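**Q** Quick one, coords_29.csv (CSV, C-alpha atoms):
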chain,number,residue,atom,x,y,z
A,389,MET,CA,134.5,109.6,91.3
A,390,LEU,CA,134.5,112.0,94.2
A,391,PRO,CA,136.1,111.0,97.5
A,392,SER,CA,133.9,109.7,100.3
A,393,TRP,CA,134.5,112.8,102.5
A,394,VAL,CA,133.4,115.1,99.7
A,395,ARG,CA,130.2,113.1,99.2
A,396,ALA,CA,129.6,113.2,102.9
A,397,PHE,CA,129.4,117.1,102.9
A,398,ARG,CA,125.8,118.4,102.9
A,399,LEU,CA,125.2,122.1,102.1
A,400,ASP,CA,121.8,122.4,103.7
A,401,ARG,CA,119.8,125.5,104.9
A,402,VAL,CA,121.4,125.4,108.4
A,403,VAL,CA,124.9,125.5,106.9
A,404,VAL,CA,123.9,128.3,104.6
A,405,LEU,CA,122.3,130.4,107.3
A,406,THR,CA,125.2,129.9,109.7
A,407,GLY,CA,127.6,130.8,106.9
A,408,LEU,CA,125.8,134.0,106.2
A,409,ALA,CA,125.9,134.9,109.9
A,410,LEU,CA,129.6,134.2,110.0
A,411,PHE,CA,130.4,136.3,106.9
A,412,LEU,CA,128.2,139.1,108.1
A,413,ASP,CA,130.0,139.1,111.4
A,414,CYS,CA,133.4,139.0,109.6
A,415,GLY,CA,132.4,141.8,107.3
A,416,VAL,CA,131.2,144.0,110.1
A,417,ARG,CA,134.5,143.5,112.0
A,418,ALA,CA,136.5,144.2,108.9
A,419,TRP,CA,134.6,147.4,108.2
A,420,TYR,CA,135.2,148.7,111.7
A,421,ASP,CA,138.9,147.6,111.9
A,422,GLY,CA,139.8,148.5,108.3
A,423,ALA,CA,143.4,147.5,107.5
A,424,GLY,CA,144.4,147.0,111.1
A,425,THR,CA,143.5,143.3,111.4
A,426,THR,CA,146.2,141.4,113.2
A,427,TRP,CA,147.4,137.9,112.4
A,428,THR,CA,145.8,136.5,115.5
A,429,GLU,CA,142.4,137.9,114.4
A,430,ALA,CA,142.9,136.4,111.0
A,431,LEU,CA,143.7,133.1,112.6
A,432,GLY,CA,140.6,133.4,114.7
A,433,TRP,CA,138.4,134.0,111.6
A,434,ALA,CA,140.1,131.0,109.9
A,435,LEU,CA,139.3,128.8,112.9
A,436,ALA,CA,135.7,130.1,112.8
A,437,LEU,CA,135.6,129.2,109.1
A,438,ILE,CA,136.9,125.7,109.8
A,439,GLY,CA,134.2,125.2,112.4
A,440,TRP,CA,131.5,126.4,110.0
A,441,LEU,CA,132.7,124.1,107.2
A,442,ALA,CA,132.7,121.2,109.7
A,443,LEU,CA,128.9,121.6,110.1
A,444,GLY,CA,128.5,120.1,106.6
A,445,PHE,CA,129.7,116.8,107.9
A,446,ARG,CA,127.5,116.6,111.0
A,447,TYR,CA,125.2,113.9,109.6
A,448,ARG,CA,128.1,111.6,108.8
A,449,TRP,CA,130.5,112.3,111.7
A,450,PRO,CA,128.5,114.2,114.4
A,451,VAL,CA,130.9,113.5,117.3
A,452,SER,CA,134.0,114.6,115.3
A,453,VAL,CA,132.1,117.7,114.2
A,454,GLY,CA,131.2,118.6,117.7
A,455,ALA,CA,134.8,118.3,118.9
A,456,VAL,CA,136.1,120.4,116.0
A,457,THR,CA,133.6,123.2,116.5
A,458,MET,CA,134.3,123.2,120.3
A,459,VAL,CA,138.1,123.5,119.7
A,460,ALA,CA,137.7,126.1,117.0
A,461,GLY,CA,135.3,128.2,119.2
A,462,VAL,CA,137.3,128.0,122.4
A,463,THR,CA,140.6,128.8,120.5
A,464,TYR,CA,138.8,131.7,118.7
A,465,TYR,CA,137.7,133.4,121.9
A,466,GLN,CA,141.1,132.8,123.5
A,467,ILE,CA,143.4,134.2,120.9
A,468,THR,CA,141.3,137.2,119.7
A,469,GLU,CA,139.8,140.2,121.3
A,470,ILE,CA,136.7,139.9,119.1
A,471,ASP,CA,133.6,138.6,120.8
A,472,GLY,CA,131.7,137.8,117.6
A,473,PRO,CA,128.7,135.4,118.1
A,474,SER,CA,129.4,133.2,115.0
A,475,PRO,CA,131.7,130.6,116.5
A,476,ALA,CA,129.3,130.1,119.5
A,477,ILE,CA,126.3,129.7,117.0
A,478,VAL,CA,128.3,127.1,115.1
A,479,PHE,CA,129.1,125.2,118.2
A,480,MET,CA,125.4,125.2,119.3
A,481,VAL,CA,124.3,123.9,116.0
A,482,ALA,CA,126.8,121.0,116.4
A,483,LEU,CA,125.4,120.4,119.9
A,484,TYR,CA,121.9,120.2,118.5
A,485,ALA,CA,123.0,117.7,115.9
A,486,LEU,CA,124.6,115.5,118.5
A,487,ALA,CA,121.5,115.6,120.7
A,488,ARG,CA,119.3,114.9,117.6
A,489,VAL,CA,121.1,111.7,116.9
A,490,GLY,CA,121.0,110.5,120.5
A,491,GLN,CA,124.6,111.2,121.6
A,492,LEU,CA,123.5,112.7,125.0
A,493,ALA,CA,126.7,111.7,126.8
A,494,VAL,CA,128.9,113.3,124.2
A,495,VAL,CA,126.9,116.5,123.9
A,496,VAL,CA,126.7,117.0,127.7
A,497,SER,CA,130.4,116.3,128.0
A,498,LEU,CA,131.3,118.9,125.3
A,499,ALA,CA,129.0,121.5,126.9
A,500,VAL,CA,130.5,120.9,130.4
A,501,ILE,CA,134.0,121.1,129.0
A,502,VAL,CA,133.3,124.5,127.4
A,503,MET,CA,131.7,125.8,130.6
A,504,LEU,CA,134.7,124.6,132.7
A,505,VAL,CA,137.1,126.3,130.2
A,506,VAL,CA,135.1,129.6,130.4
A,507,THR,CA,134.8,129.4,134.2
A,508,TYR,CA,138.5,128.7,134.6
A,509,GLY,CA,139.5,131.4,132.2
A,510,GLU,CA,137.3,134.0,133.9
A,511,PHE,CA,138.0,133.2,137.5
A,512,VAL,CA,141.5,131.9,137.5
A,513,ALA,CA,143.6,132.8,134.4
A,514,VAL,CA,142.2,136.2,133.6
A,515,GLY,CA,141.3,137.8,136.9
A,516,ASP,CA,140.1,141.4,136.6
A,517,PRO,CA,138.9,142.9,134.4
A,518,ARG,CA,136.8,139.9,133.2
A,519,LYS,CA,135.6,139.4,129.7
A,520,VAL,CA,132.5,137.4,130.7
A,521,ASP,CA,130.5,138.3,133.7
A,522,ASN,CA,128.4,136.0,135.9
A,523,THR,CA,125.2,136.8,134.1
A,524,SER,CA,126.6,135.9,130.7
A,525,ILE,CA,128.0,132.6,132.1
A,526,VAL,CA,124.5,131.7,133.4
A,527,LEU,CA,122.9,132.7,130.1
A,528,LEU,CA,125.5,130.7,128.1
A,529,SER,CA,124.9,127.6,130.2
A,530,GLY,CA,121.2,128.1,129.8
A,531,TRP,CA,121.6,128.3,126.0
A,532,PHE,CA,123.6,125.1,126.0
A,533,LEU,CA,120.9,123.3,128.1
A,534,SER,CA,118.1,124.6,125.9
A,535,VAL,CA,119.8,123.5,122.7
A,536,ILE,CA,120.5,120.0,124.1
A,537,ALA,CA,116.9,119.6,125.4
A,538,PHE,CA,115.4,120.8,122.1
A,539,GLY,CA,117.6,118.4,120.1
A,540,HIS,CA,116.6,115.5,122.4
A,541,ALA,CA,112.9,116.5,122.2
A,542,MET,CA,113.1,116.5,118.4
A,543,ARG,CA,114.7,113.1,118.4
A,544,VAL,CA,111.9,111.7,120.6
A,545,ARG,CA,109.3,113.3,118.4
A,546,HIS,CA,110.8,111.9,115.3
A,547,ALA,CA,111.1,108.4,116.8
A,548,TYR,CA,107.4,108.6,117.8
A,549,GLN,CA,106.4,109.6,114.3
A,550,GLN,CA,108.3,106.8,112.8
A,551,GLU,CA,106.7,104.3,115.3
A,552,ALA,CA,103.3,105.7,114.5
A,553,GLU,CA,103.9,105.3,110.7
A,554,GLN,CA,105.2,101.8,111.2
A,555,ARG,CA,102.1,100.9,113.2
A,556,ALA,CA,99.9,102.4,110.5
A,557,LEU,CA,101.7,100.5,107.8
A,558,ALA,CA,101.4,97.3,109.9
A,559,ALA,CA,97.7,97.9,110.5
A,560,GLU,CA,97.2,98.5,106.8
A,561,ARG,CA,99.1,95.3,105.8
A,562,GLU,CA,97.0,93.4,108.4
A,563,ARG,CA,93.8,94.8,106.9
A,564,ASP,CA,94.9,93.8,103.5
A,565,VAL,CA,95.8,90.3,104.6
A,566,ARG,CA,92.4,89.9,106.4
A,567,ALA,CA,90.6,91.3,103.3
A,568,ARG,CA,92.4,88.7,101.1
A,569,GLN,CA,91.7,85.9,103.6
A,570,SER,CA,88.0,86.9,103.7
A,571,ALA,CA,87.8,87.1,99.9
A,572,THR,CA,89.4,83.7,99.7
A,573,GLU,CA,87.1,82.2,102.3
A,574,GLU,CA,84.1,83.7,100.5
A,575,ARG,CA,85.2,82.3,97.2
A,576,LEU,CA,85.6,78.9,98.7
A,577,ARG,CA,82.2,79.1,100.3
A,578,ILE,CA,80.5,80.1,97.0
A,579,ALA,CA,82.4,77.4,95.2
A,580,ARG,CA,81.1,74.8,97.7
A,581,GLU,CA,77.5,76.1,97.3
A,582,LEU,CA,77.7,75.9,93.5
A,583,HIS,CA,79.3,72.5,93.6
A,584,ASP,CA,76.6,71.1,95.9
A,585,VAL,CA,73.7,72.7,94.0
A,586,LEU,CA,74.8,72.0,90.5
A,587,GLY,CA,76.6,68.7,91.2
A,588,HIS,CA,73.6,67.1,92.9
A,589,SER,CA,70.9,68.3,90.4
A,590,ILE,CA,72.9,67.6,87.3
A,591,SER,CA,73.8,64.1,88.6
A,592,LEU,CA,70.2,63.3,89.2
A,593,ILE,CA,69.3,64.6,85.8
A,594,ASN,CA,72.0,62.5,84.2
A,595,VAL,CA,71.0,59.3,86.0
A,596,GLN,CA,67.3,59.7,85.3
A,597,VAL,CA,67.8,60.5,81.6
A,598,ALA,CA,70.3,57.7,81.1
A,599,ALA,CA,67.9,55.2,82.7
A,600,ALA,CA,64.9,56.4,80.6
A,601,LEU,CA,66.9,56.3,77.4
A,602,HIS,CA,68.2,52.8,78.2
A,603,ARG,CA,64.7,51.5,78.9
A,604,SER,CA,63.2,53.3,75.9
A,605,SER,CA,65.8,51.8,73.5
A,606,LYS,CA,64.6,48.3,74.6
A,607,ARG,CA,60.9,49.2,74.1
A,608,PRO,CA,60.6,51.5,71.1
A,609,GLY,CA,57.4,53.5,70.8
A,610,GLU,CA,56.7,53.7,74.5
A,611,THR,CA,57.0,57.3,75.5
A,612,ALA,CA,55.7,57.3,79.1
A,613,GLU,CA,59.1,56.8,80.7
A,614,LEU,CA,60.6,59.5,78.5
A,615,ILE,CA,57.9,61.9,79.4
A,616,SER,CA,58.3,61.1,83.1
A,617,ALA,CA,62.1,61.6,82.8
A,618,LEU,CA,61.6,64.9,81.0
A,619,GLU,CA,59.3,66.1,83.7
A,620,PHE,CA,61.8,65.1,86.3
A,621,VAL,CA,64.5,67.0,84.4
A,622,ARG,CA,62.2,70.0,84.3
A,623,ASP,CA,61.5,70.0,88.0
A,624,THR,CA,65.1,69.3,89.0
A,625,SER,CA,66.6,71.9,86.8
A,626,LYS,CA,64.0,74.4,88.0
A,627,GLU,CA,65.0,73.7,91.6
A,628,ALA,CA,68.7,73.9,90.7
A,629,LEU,CA,68.2,77.3,89.1
A,630,ARG,CA,66.2,78.5,92.1
A,631,GLU,CA,69.0,77.5,94.5
A,632,LEU,CA,71.6,78.9,92.2
A,633,ARG,CA,69.7,82.2,91.9
A,634,GLY,CA,69.5,82.4,95.7
A,635,THR,CA,73.2,81.7,96.1
A,636,LEU,CA,74.3,84.3,93.5
A,637,GLY,CA,71.8,86.8,95.0
A,638,VAL,CA,73.9,87.0,98.1
A,639,LEU,CA,76.6,88.6,95.9
A,640,ARG,CA,74.3,91.1,94.2
A,641,GLN,CA,72.5,92.3,97.3
A,642,VAL,CA,75.5,94.2,98.8
A,643,ASP,CA,73.4,97.1,100.2
A,644,GLU,CA,70.9,94.9,102.1
A,645,GLU,CA,71.0,95.4,105.8
A,646,ALA,CA,69.9,91.9,106.8
A,647,PRO,CA,71.7,88.9,105.4
A,648,VAL,CA,69.9,86.7,102.9
A,649,SER,CA,68.4,83.6,104.3
A,650,PRO,CA,69.8,80.2,103.3
A,651,THR,CA,68.2,78.7,100.2
A,652,ALA,CA,67.9,75.2,101.8
A,653,GLY,CA,67.9,73.6,105.2
A,654,LEU,CA,66.8,70.6,107.2
A,655,GLU,CA,63.1,71.4,106.6
A,656,ARG,CA,63.7,70.4,102.9
A,657,LEU,CA,65.3,67.0,103.5
A,658,GLY,CA,62.0,65.3,102.5
A,659,GLU,CA,62.1,67.1,99.1
A,660,LEU,CA,65.7,66.1,98.7
A,661,ALA,CA,64.9,62.5,99.4
A,662,ASP,CA,61.9,62.6,96.9
A,663,ARG,CA,64.2,63.8,94.1
A,664,ALA,CA,66.7,61.1,94.8
A,665,ARG,CA,63.9,58.4,94.8
A,666,ALA,CA,63.0,59.5,91.3
A,667,THR,CA,66.3,57.9,90.1
A,668,GLY,CA,65.1,54.5,91.5
A,669,LEU,CA,66.9,54.7,94.8
A,670,GLU,CA,64.9,53.6,97.9
A,671,ILE,CA,65.4,56.2,100.7
A,672,SER,CA,64.2,56.2,104.3
A,673,LEU,CA,64.3,59.4,106.3
A,674,GLU,CA,64.3,58.9,110.1
A,675,THR,CA,64.5,61.5,112.9
A,676,THR,CA,64.8,61.0,116.7
A,677,GLY,CA,65.1,63.2,119.6
A,678,GLU,CA,63.4,66.5,120.5
A,679,ALA,CA,63.7,68.8,117.4
A,680,PRO,CA,64.9,72.3,118.5
A,681,VAL,CA,65.1,75.4,116.3
A,682,VAL,CA,68.3,75.0,114.3
A,683,PRO,CA,70.4,78.0,113.3
A,684,PRO,CA,70.4,78.6,109.5
A,685,PRO,CA,74.1,78.0,109.0
A,686,ILE,CA,73.9,74.7,110.7
A,687,SER,CA,70.7,73.7,108.9
A,688,LEU,CA,72.2,74.6,105.5
A,689,ALA,CA,75.4,72.7,106.3
A,690,ALA,CA,73.4,69.6,107.2
A,691,TYR,CA,71.3,69.9,104.1
A,692,ARG,CA,74.4,70.2,101.9
A,693,ILE,CA,76.1,67.2,103.5
A,694,VAL,CA,73.0,65.0,102.9
A,695,GLN,CA,72.8,66.4,99.3
A,696,GLU,CA,76.4,65.6,98.5
A,697,SER,CA,76.0,62.1,100.1
A,698,LEU,CA,73.0,61.3,97.9
A,699,THR,CA,74.8,62.7,94.9
A,700,ASN,CA,77.7,60.3,95.5
A,701,ILE,CA,75.3,57.4,96.1
A,702,THR,CA,73.4,58.0,92.8
A,703,ARG,CA,76.6,58.5,90.8
A,704,HIS,CA,79.1,56.0,92.2
A,705,ALA,CA,77.6,53.6,94.8
A,706,GLN,CA,75.2,51.5,92.6
A,707,ALA,CA,73.1,51.2,95.8
A,708,ARG,CA,69.5,50.2,96.0
A,709,HIS,CA,68.6,51.5,99.4
A,710,ALA,CA,69.8,54.4,101.5
A,711,VAL,CA,68.8,55.6,105.0
A,712,ILE,CA,69.0,59.3,106.2
A,713,ARG,CA,69.0,59.5,110.0
A,714,VAL,CA,68.8,62.7,112.0
A,715,HIS,CA,69.3,62.6,115.8
A,716,TYR,CA,68.8,65.7,117.9
A,717,GLY,CA,70.7,66.0,121.2
A,718,PRO,CA,70.8,68.7,123.9
A,719,ASP,CA,73.7,70.6,122.4
A,720,GLU,CA,74.3,69.0,119.0
A,721,PHE,CA,72.7,66.8,116.4
A,722,ARG,CA,74.0,64.1,114.2
A,723,VAL,CA,73.0,63.4,110.6
A,724,ARG,CA,73.9,60.0,109.0
A,725,VAL,CA,73.5,58.8,105.4
A,726,GLU,CA,74.2,55.1,104.9
A,727,ASP,CA,73.7,53.0,101.8
A,728,ASP,CA,74.1,49.4,100.7
A,729,GLY,CA,76.3,50.1,97.7
A,730,ARG,CA,79.9,49.3,97.0
A,731,GLY,CA,81.3,52.5,98.5
A,732,ALA,CA,84.4,54.3,97.4
A,733,VAL,CA,86.6,52.5,94.9
A,734,ASP,CA,89.8,51.3,96.6
A,735,GLY,CA,89.0,53.4,99.6
A,736,ALA,CA,89.5,56.6,97.7
A,737,VAL,CA,88.1,59.8,99.1
A,738,GLY,CA,87.0,62.4,96.6
A,739,SER,CA,86.7,66.2,96.8
A,740,GLY,CA,83.0,65.9,97.8
A,741,ILE,CA,83.9,64.2,101.1
A,742,ALA,CA,86.7,66.8,101.6
A,743,GLY,CA,84.2,69.6,101.1
A,744,MET,CA,81.7,68.1,103.5
A,745,THR,CA,84.4,67.7,106.1
A,746,GLU,CA,85.4,71.3,105.7
A,747,ARG,CA,81.8,72.4,106.1
A,748,ALA,CA,81.5,70.5,109.4
A,749,ARG,CA,84.8,71.8,110.8
A,750,ALA,CA,84.0,75.4,109.8
A,751,LEU,CA,81.0,75.2,112.1
A,752,GLY,CA,82.8,73.5,115.0
A,753,GLY,CA,81.6,69.9,114.1
A,754,GLU,CA,83.2,66.9,112.6
A,755,LEU,CA,82.5,64.4,109.8
A,756,THR,CA,83.5,60.8,109.3
A,757,ALA,CA,83.1,58.8,106.1
A,758,GLY,CA,84.0,55.2,105.3
A,759,THR,CA,82.9,51.7,104.2
A,760,THR,CA,80.8,49.6,106.6
A,761,GLY,CA,81.4,46.2,104.9
A,762,SER,CA,77.9,46.2,103.4
A,763,GLY,CA,77.9,49.8,102.1
A,764,PHE,CA,79.2,53.3,102.8
A,765,ARG,CA,78.4,55.6,105.6
A,766,VAL,CA,78.7,59.4,106.1
A,767,GLU,CA,78.1,60.8,109.5
A,768,ALA,CA,78.3,64.4,110.7
A,769,ARG,CA,78.2,65.9,114.1
A,770,LEU,CA,77.2,69.5,114.2
A,771,PRO,CA,76.7,71.8,117.2
A,772,LEU,CA,73.4,73.6,117.7
A,773,CYS,CA,75.2,76.8,118.5
A,774,PRO,CA,77.0,78.2,115.5
A,775,PRO,CA,80.3,80.0,115.7
A,776,GLU,CA,80.4,83.8,116.0
A,777,THR,CA,80.8,84.1,112.2
A,778,ALA,CA,77.3,82.8,111.6
A,779,HIS,CA,74.4,85.2,111.1
A,780,GLU,CA,72.3,85.3,114.2
A,781,ASP,CA,69.7,87.7,112.8
A,782,THR,CA,68.6,85.5,110.0
A,783,PRO,CA,65.3,83.5,110.3
A,784,ARG,CA,65.7,80.2,112.0
A,785,SER,CA,65.2,76.9,110.1
A,786,ARG,CA,62.8,74.3,111.3
A,787,PRO,CA,63.9,70.7,111.4
A,788,PRO,CA,62.3,68.1,109.1
A,789,PRO,CA,59.2,66.3,110.3
A,790,ALA,CA,59.8,62.8,111.5
A,791,ALA,CA,59.9,60.3,108.7
A,792,ALA,CA,58.7,63.0,106.2
A,793,GLY,CA,58.3,61.4,102.8
A,794,ALA,CA,59.9,58.2,103.9
A,795,ALA,CA,59.3,55.1,101.8
A,796,GLY,CA,58.6,52.2,104.1
A,797,THR,CA,58.5,52.1,107.8
A,798,ALA,CA,60.1,55.2,109.4
A,799,GLY,CA,60.7,56.2,113.0
A,800,ALA,CA,63.2,53.4,113.7
A,801,ALA,CA,65.5,54.3,116.6
A,802,ALA,CA,68.6,56.1,115.4
A,803,ASP,CA,71.9,55.1,116.8
A,804,GLY,CA,73.0,58.7,117.6
Please go through the file and, once you have read it, give me the structure as structure tokens.
**A**
Amino acid sequence: MLPSWVRAFRLDRVVVLTGLALFLDCGVRAWYDGAGTTWTEALGWALALIGWLALGFRYRWPVSVGAVTMVAGVTYYQITEIDGPSPAIVFMVALYALARVGQLAVVVSLAVIVMLVVTYGEFVAVGDPRKVDNTSIVLLSGWFLSVIAFGHAMRVRHAYQQEAEQRALAAERERDVRARQSATEERLRIARELHDVLGHSISLINVQVAAALHRSSKRPGETAELISALEFVRDTSKEALRELRGTLGVLRQVDEEAPVSPTAGLERLGELADRARATGLEISLETTGEAPVVPPPISLAAYRIVQESLTNITRHAQARHAVIRVHYGPDEFRVRVEDDGRGAVDGAVGSGIAGMTERARALGGELTAGTTGSGFRVEARLPLCPPETAHEDTPRSRPPPAAAGAAGTAGAAADG
């Protein structure tokens, strides 16, 4: 296994190009000088070579590389008479690497040290004739400043690009999360719709057919009740298929500009009560208050709540009578379904009540359900202004007529 310092060396394009410049400079000097190269010049080229090799470690130890290249360059120009540009280029590359990693204090300090050494050597130690004139000193300081500024600018640009990429990734992740949440909410909504449509209709069919078969078994040969039950099954299954087709049509019509209107609403509570009466349940439908135009999402939610309540009554409550009361207020309306059955067994609350509660909360309302001592009551309070997620451009649903299809005396005062 290679030592860590060997693995830290990186022979990239900058090191290769700088090395080519160094060896070209060395070759030119050797060509002109021939065999007259002194030991000081050889030591100078050795120092330049050390500085060049140090560049390969600038990603791992940038501060150390900057110090090594500075010492090698300053020593090179002090002990030799050769003014080759290679050591200065190596030092500038090290300064750029330091500025690139954000070591501004170190890189400025190294540049200032070099300029102080050059200034001291030219104005104090050397005297006349000088090796570096004033113009060259100004140009050298300008090169140092440019390299430092360029390295810092590249660092800022790289940081900005990383931040932009992180923001783009975060936005993409957020879009994915929102898409998954929307898909989950849509699946739950469709599941509730299918549960309400199929559960209600199939429950009524089951109750009606079971009752007809039970009565026919006691009176063989009489087919009137069986015919009536089969007609009820036909009508109810047709209605269930129609609502199911409307619910699934929302998924198919993906290119439609306007959203699909709800398949049911408050205006059809009378039909809902009539279907439940066919099972033998006595139902009264009462409305109070001034009936406004109800937004379709609110109207559909109220219809589904009543539908689920009647399904629970016909399947579990063993009730003989139920009352549906709708009361309209200025900003909200209340719908109540109350029966005289036995209610939930041991106070248990099934998934149907949980689904109704979720419907009401999703629209900014609330739902309560529980026994009354003489039966079971489900009451929902729904706002007349739906949340922003509701479709405002769909046709509005009209409320049910007062006491439409009611069996018995309707129009009794609702208790709000």
**Q** Report the distance between CA of Ala748 in chain A and CA of Ser625 in chain A in Å, rounded to one decimal place.
**A**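 These atoms are spaced 27.1 Å apart.
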**Q** Might you pull out every residue within 10 Å of His709 in chain A, with all atoms listed in the file counted and same-chain residues fewer than 6 positions away left off, and present them as a VMD selection string?
**A** chain A and resid 665 668 to 672 701 726 to 729 763
**Q** How many Å separate CA of Phe397 in chain A from CA of Ile438 in chain A?
**A**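 Spanning CA of Phe397 in chain A to CA of Ile438 in chain A is a straight-line distance of 13.3 Å.
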**Q** Mind giving me the straight-line distance from CA of Leu755 in chain A to CA of Glu767 in chain A in Å, one decimal?
**A**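 Result for CA of Leu755 in chain A versus CA of Glu767 in chain A: 5.7 Å, one decimal.
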**Q** Using only C-alpha atoms, find all polymer residues with an atom at most 12 Å away from the point (136.3, 117.3, 126.5); report them as a ChimeraX atom specification.
**A** /A:451-452,454-459,462,493-505
**Q** At a cut-off of 9 Å, using only C-alpha atoms, what residues contact Leu437 in chain A? Leave out same-chain residues fewer than 2 positions from it and give the result as a JSON list (two decimals) with C-alpha atoms, in the coordinates of the input.
**A**
[["chain", "number", "residue", "atom", "x", "y", "z"],
["A", 407, "GLY", "CA", 127.60, 130.80, 106.90],
["A", 410, "LEU", "CA", 129.60, 134.20, 110.00],
["A", 432, "GLY", "CA", 140.60, 133.40, 114.70],
["A", 433, "TRP", "CA", 138.40, 134.00, 111.60],
["A", 434, "ALA", "CA", 140.10, 131.00, 109.90],
["A", 435, "LEU", "CA", 139.30, 128.80, 112.90],
["A", 439, "GLY", "CA", 134.20, 125.20, 112.40],
["A", 440, "TRP", "CA", 131.50, 126.40, 110.00],
["A", 441, "LEU", "CA", 132.70, 124.10, 107.20],
["A", 442, "ALA", "CA", 132.70, 121.20, 109.70],
["A", 460, "ALA", "CA", 137.70, 126.10, 117.00],
["A", 475, "PRO", "CA", 131.70, 130.60, 116.50]]
**Q** From the options A:Leu673, A:Leu772, A:Ser762, A:Asp719, which residue's atoms come nearest to Pro685 in chain A, counting all atoms listed in the file?
**A**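 Of all the options, A:Leu772 lies closest to Pro685 in chain A.
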**Q** Could you check which residues have any atom within 10 Å of (77.3, 58.5, 90.2), counting all atoms listed in the file with coordinates taken straight from the file, and then list them as an mmCIF file with C-alpha atoms, keeping the file's coordinate frame?
**A**
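result-v2.cif written:
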data_model
loop_
_atom_site.group_PDB
_atom_site.id
_atom_site.type_symbol
_atom_site.label_atom_id
_atom_site.label_comp_id
_atom_site.auth_asym_id
_atom_site.auth_seq_id
_atom_site.Cartn_x
_atom_site.Cartn_y
_atom_site.Cartn_z
ATOM 1 C CA HIS A 588 73.600 67.100 92.900
ATOM 2 C CA SER A 591 73.800 64.100 88.600
ATOM 3 C CA LEU A 592 70.200 63.300 89.200
ATOM 4 C CA ASN A 594 72.000 62.500 84.200
ATOM 5 C CA VAL A 595 71.000 59.300 86.000
ATOM 6 C CA LEU A 698 73.000 61.300 97.900
ATOM 7 C CA THR A 699 74.800 62.700 94.900
ATOM 8 C CA ASN A 700 77.700 60.300 95.500
ATOM 9 C CA ILE A 701 75.300 57.400 96.100
ATOM 10 C CA THR A 702 73.400 58.000 92.800
ATOM 11 C CA ARG A 703 76.600 58.500 90.800
ATOM 12 C CA HIS A 704 79.100 56.000 92.200
ATOM 13 C CA ALA A 705 77.600 53.600 94.800
ATOM 14 C CA GLN A 706 75.200 51.500 92.600
#
**Q** Nearest residue to Glu619 in chain A out of A:Gln549, A:Ile593, A:Ala485, A:Ser534, using all atoms listed in the file?
**A**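 So, comparing all the options, the nearest one is A:Ile593.
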**Q** Nearest to Val526 in chain A: which of A:Ser474, A:Thr760, A:Ser392, A:Thr507 is it, counting all atoms listed in the file?
**A** A:Thr507
